[in-house]
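Trainee: Here it is: the structure, laid out below.
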Amino acid sequence: MLRIPLNATPEQLGRLLALQNAFAKVCNVLAPVVVQTKVWNRVALHHLMYRSLRERFPELGSQMVCNAIYSVSRTSRLVYQSPKSPFCLARLGDKPLPLLRFADNCPVYFDRHTLSVSHGQLSMFTLDGRMRFALALSGTDEAKFKEKKLFEIAMSRRADGLFELSFLFGEAPGDEASPVQDEASAQALEVGGNDLPEYVLVEEAP
């Protein structure tokens with residue numbers, strides 16, 4: 001995992017906040033659908049909701065809508081499938097699924113279409129067009145972008161208000177499977193067991 005803080009100007013910070021807020025709105029539209037349909041497989045959820053989301057949130061563009069679907073699928077796996085989750089299916093039994101509510105500070109996921117790093121320059125999608133940052137990467141970190149498979153890109157807001165990008169790399173350049181993603185997802189739950197991602201509120205059914 002490589003973490004890079006973004007030294008944003010006030011204007012850039014406002015654009016990042018707007019993107020994060022819009023991303024959370026899409027996630028919160030998807031979450032009730034997951035409860036109603038019990039579908040959180042990424043591909044199945046995409047087929048179910050992509051078109052309506054594109055019509056409802058045209059400003060996000062096609063790729064960011066796909067990334068929001070990925071976010072909900074990923075978080076649903078954490079909450080409903082991880083043995084460490086208090087809301088996993090094995091513990092719920094016949095009870096209805098609890099509703100997930102994504103906070104405004106939820107991570108924003110990117111892909112190679114919406115974020116790129118080249119020659120020390122970062123280019124990323126926002127609601128108002130591309131935004132660019134100069135990155136001070138070490139030679140070792142720069143080599144990771146050329147030599148390793150990039151599995152996941154996430155932008156999160158730290159407790160001090162700064163935004164930070166996380167890049168999750170794997171060792172197999174040709175491997176499109178997701179064991180590294182699943183491992184990282186599992187690590188988002190505390191080893192002790194009951195802590196869920198802080199950006200998600202879980203509302204149990206009455």
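In the structure tokens, chains take letters A, B, ... by order of appearance, with residues numbered from 1 within each chain and ligands from 1 in the order shown.
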Run DSSP on the backbone and grab whatever in stretch 60-139 of chain A lands in alpha helix (DSSP H); send it over as a list in words.
Mentor: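 For stretch 60-139 of chain A, the alpha helix (DSSP H) set is Gly61, Ser62, Gln63, Met64, Val65, Cys66, Asn67, Ala68, Ile69, Tyr70, Ser71, Val72, Ser73, Arg74, Thr75, Ser76, Arg77, Leu78, Val79, Tyr80, Gln81, Leu89, Ala90, Arg91, Leu92 and Gly139 of chain A.
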Trainee: Could you write those residues out with N, CA and C atoms, as a PDB file, in the first residue's frame?
Mentor:
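Ended up saving to part-v5.pdb:
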ATOM      1  N   GLY A  61     -20.316  11.008 -14.513  1.00  0.00           N
ATOM      2  CA  GLY A  61     -19.724  10.271 -15.622  1.00  0.00           C
ATOM      3  C   GLY A  61     -19.811   8.768 -15.412  1.00  0.00           C
ATOM      4  N   SER A  62     -19.574   8.035 -16.478  1.00  0.00           N
ATOM      5  CA  SER A  62     -19.780   6.592 -16.445  1.00  0.00           C
ATOM      6  C   SER A  62     -18.819   5.872 -15.514  1.00  0.00           C
ATOM      7  N   GLN A  63     -17.541   6.244 -15.546  1.00  0.00           N
ATOM      8  CA  GLN A  63     -16.554   5.502 -14.761  1.00  0.00           C
ATOM      9  C   GLN A  63     -16.727   5.706 -13.263  1.00  0.00           C
ATOM     10  N   MET A  64     -17.063   6.911 -12.835  1.00  0.00           N
ATOM     11  CA  MET A  64     -17.235   7.137 -11.401  1.00  0.00           C
ATOM     12  C   MET A  64     -18.493   6.461 -10.885  1.00  0.00           C
ATOM     13  N   VAL A  65     -19.513   6.332 -11.722  1.00  0.00           N
ATOM     14  CA  VAL A  65     -20.690   5.552 -11.332  1.00  0.00           C
ATOM     15  C   VAL A  65     -20.278   4.088 -11.128  1.00  0.00           C
ATOM     16  N   CYS A  66     -19.453   3.570 -12.037  1.00  0.00           N
ATOM     17  CA  CYS A  66     -18.944   2.200 -11.876  1.00  0.00           C
ATOM     18  C   CYS A  66     -18.144   2.067 -10.584  1.00  0.00           C
ATOM     19  N   ASN A  67     -17.369   3.092 -10.250  1.00  0.00           N
ATOM     20  CA  ASN A  67     -16.564   3.038  -9.040  1.00  0.00           C
ATOM     21  C   ASN A  67     -17.430   3.100  -7.785  1.00  0.00           C
ATOM     22  N   ALA A  68     -18.549   3.829  -7.847  1.00  0.00           N
ATOM     23  CA  ALA A  68     -19.475   3.851  -6.713  1.00  0.00           C
ATOM     24  C   ALA A  68     -20.128   2.481  -6.527  1.00  0.00           C
ATOM     25  N   ILE A  69     -20.458   1.824  -7.623  1.00  0.00           N
ATOM     26  CA  ILE A  69     -21.005   0.470  -7.551  1.00  0.00           C
ATOM     27  C   ILE A  69     -19.975  -0.461  -6.912  1.00  0.00           C
ATOM     28  N   TYR A  70     -18.725  -0.304  -7.308  1.00  0.00           N
ATOM     29  CA  TYR A  70     -17.653  -1.094  -6.691  1.00  0.00           C
ATOM     30  C   TYR A  70     -17.582  -0.829  -5.193  1.00  0.00           C
ATOM     31  N   SER A  71     -17.679   0.438  -4.793  1.00  0.00           N
ATOM     32  CA  SER A  71     -17.597   0.799  -3.379  1.00  0.00           C
ATOM     33  C   SER A  71     -18.691   0.113  -2.556  1.00  0.00           C
ATOM     34  N   VAL A  72     -19.916   0.145  -3.067  1.00  0.00           N
ATOM     35  CA  VAL A  72     -21.030  -0.473  -2.345  1.00  0.00           C
ATOM     36  C   VAL A  72     -20.872  -1.988  -2.307  1.00  0.00           C
ATOM     37  N   SER A  73     -20.431  -2.568  -3.409  1.00  0.00           N
ATOM     38  CA  SER A  73     -20.195  -4.003  -3.445  1.00  0.00           C
ATOM     39  C   SER A  73     -19.108  -4.395  -2.442  1.00  0.00           C
ATOM     40  N   ARG A  74     -18.037  -3.652  -2.420  1.00  0.00           N
ATOM     41  CA  ARG A  74     -16.910  -3.916  -1.522  1.00  0.00           C
ATOM     42  C   ARG A  74     -17.337  -3.819  -0.060  1.00  0.00           C
ATOM     43  N   THR A  75     -18.044  -2.735   0.281  1.00  0.00           N
ATOM     44  CA  THR A  75     -18.469  -2.527   1.660  1.00  0.00           C
ATOM     45  C   THR A  75     -19.518  -3.552   2.077  1.00  0.00           C
ATOM     46  N   SER A  76     -20.392  -3.915   1.160  1.00  0.00           N
ATOM     47  CA  SER A  76     -21.400  -4.936   1.466  1.00  0.00           C
ATOM     48  C   SER A  76     -20.740  -6.275   1.776  1.00  0.00           C
ATOM     49  N   ARG A  77     -19.671  -6.608   1.048  1.00  0.00           N
ATOM     50  CA  ARG A  77     -18.943  -7.838   1.351  1.00  0.00           C
ATOM     51  C   ARG A  77     -18.379  -7.797   2.764  1.00  0.00           C
ATOM     52  N   LEU A  78     -17.855  -6.626   3.138  1.00  0.00           N
ATOM     53  CA  LEU A  78     -17.312  -6.467   4.476  1.00  0.00           C
ATOM     54  C   LEU A  78     -18.375  -6.687   5.556  1.00  0.00           C
ATOM     55  N   VAL A  79     -19.519  -6.059   5.352  1.00  0.00           N
ATOM     56  CA  VAL A  79     -20.556  -6.060   6.389  1.00  0.00           C
ATOM     57  C   VAL A  79     -21.345  -7.361   6.401  1.00  0.00           C
ATOM     58  N   TYR A  80     -21.705  -7.858   5.217  1.00  0.00           N
ATOM     59  CA  TYR A  80     -22.606  -9.007   5.142  1.00  0.00           C
ATOM     60  C   TYR A  80     -21.897 -10.357   5.040  1.00  0.00           C
ATOM     61  N   GLN A  81     -20.622 -10.367   4.658  1.00  0.00           N
ATOM     62  CA  GLN A  81     -19.951 -11.636   4.429  1.00  0.00           C
ATOM     63  C   GLN A  81     -18.778 -11.921   5.359  1.00  0.00           C
ATOM     64  N   LEU A  89     -24.119 -12.667   7.280  1.00  0.00           N
ATOM     65  CA  LEU A  89     -25.317 -13.470   7.013  1.00  0.00           C
ATOM     66  C   LEU A  89     -25.446 -14.642   7.980  1.00  0.00           C
ATOM     67  N   ALA A  90     -24.323 -15.227   8.362  1.00  0.00           N
ATOM     68  CA  ALA A  90     -24.368 -16.381   9.262  1.00  0.00           C
ATOM     69  C   ALA A  90     -24.960 -16.006  10.617  1.00  0.00           C
ATOM     70  N   ARG A  91     -24.773 -14.773  11.035  1.00  0.00           N
ATOM     71  CA  ARG A  91     -25.320 -14.326  12.325  1.00  0.00           C
ATOM     72  C   ARG A  91     -26.739 -13.793  12.186  1.00  0.00           C
ATOM     73  N   LEU A  92     -27.051 -13.224  11.034  1.00  0.00           N
ATOM     74  CA  LEU A  92     -28.382 -12.648  10.833  1.00  0.00           C
ATOM     75  C   LEU A  92     -29.459 -13.718  10.742  1.00  0.00           C
ATOM     76  N   GLY A 139      12.231   7.030  -6.030  1.00  0.00           N
ATOM     77  CA  GLY A 139      12.465   6.125  -7.146  1.00  0.00           C
ATOM     78  C   GLY A 139      11.783   4.785  -6.944  1.00  0.00           C
TER      79      GLY A 139
END
Trainee: Could you jot down the atom CA of A:Leu30 to atom CA of A:Arg56 separation for me, Å, one decimal place?
Mentor: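 Between atom CA of A:Leu30 and atom CA of A:Arg56 the gap works out to 12.0 Å.
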Trainee: Run DSSP on the backbone and tell me which residues of stretch 93-180 of chain A come out as strand (DSSP E or B); list them as a PyMOL selection string.
Mentor: chain A and resi 99-102+108-110+115-118+121-124+131-134+149-157+163-170
Trainee: As an exercise, work out the distance from atom CA of A:Ile153 to atom CA of A:Pro10 in Å and give it to one decimal place.
Mentor: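 Value for the atom CA of A:Ile153-atom CA of A:Pro10 distance: 23.1 Å.
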Trainee: Using only C-alpha atoms, find the one residue out of A:Pro98, A:Leu6, A:Leu17, A:Asp104 that sits nearest to A:Leu135.
Mentor: A:Leu6
Trainee: Residues at most 12 Å from A:Thr9, counting only C-alpha atoms, excluding those fewer than 2 positions away in the same chain, as a VMD selection string?
Mentor: chain A and resid 6 to 7 11 to 16 131 to 133 162 to 163
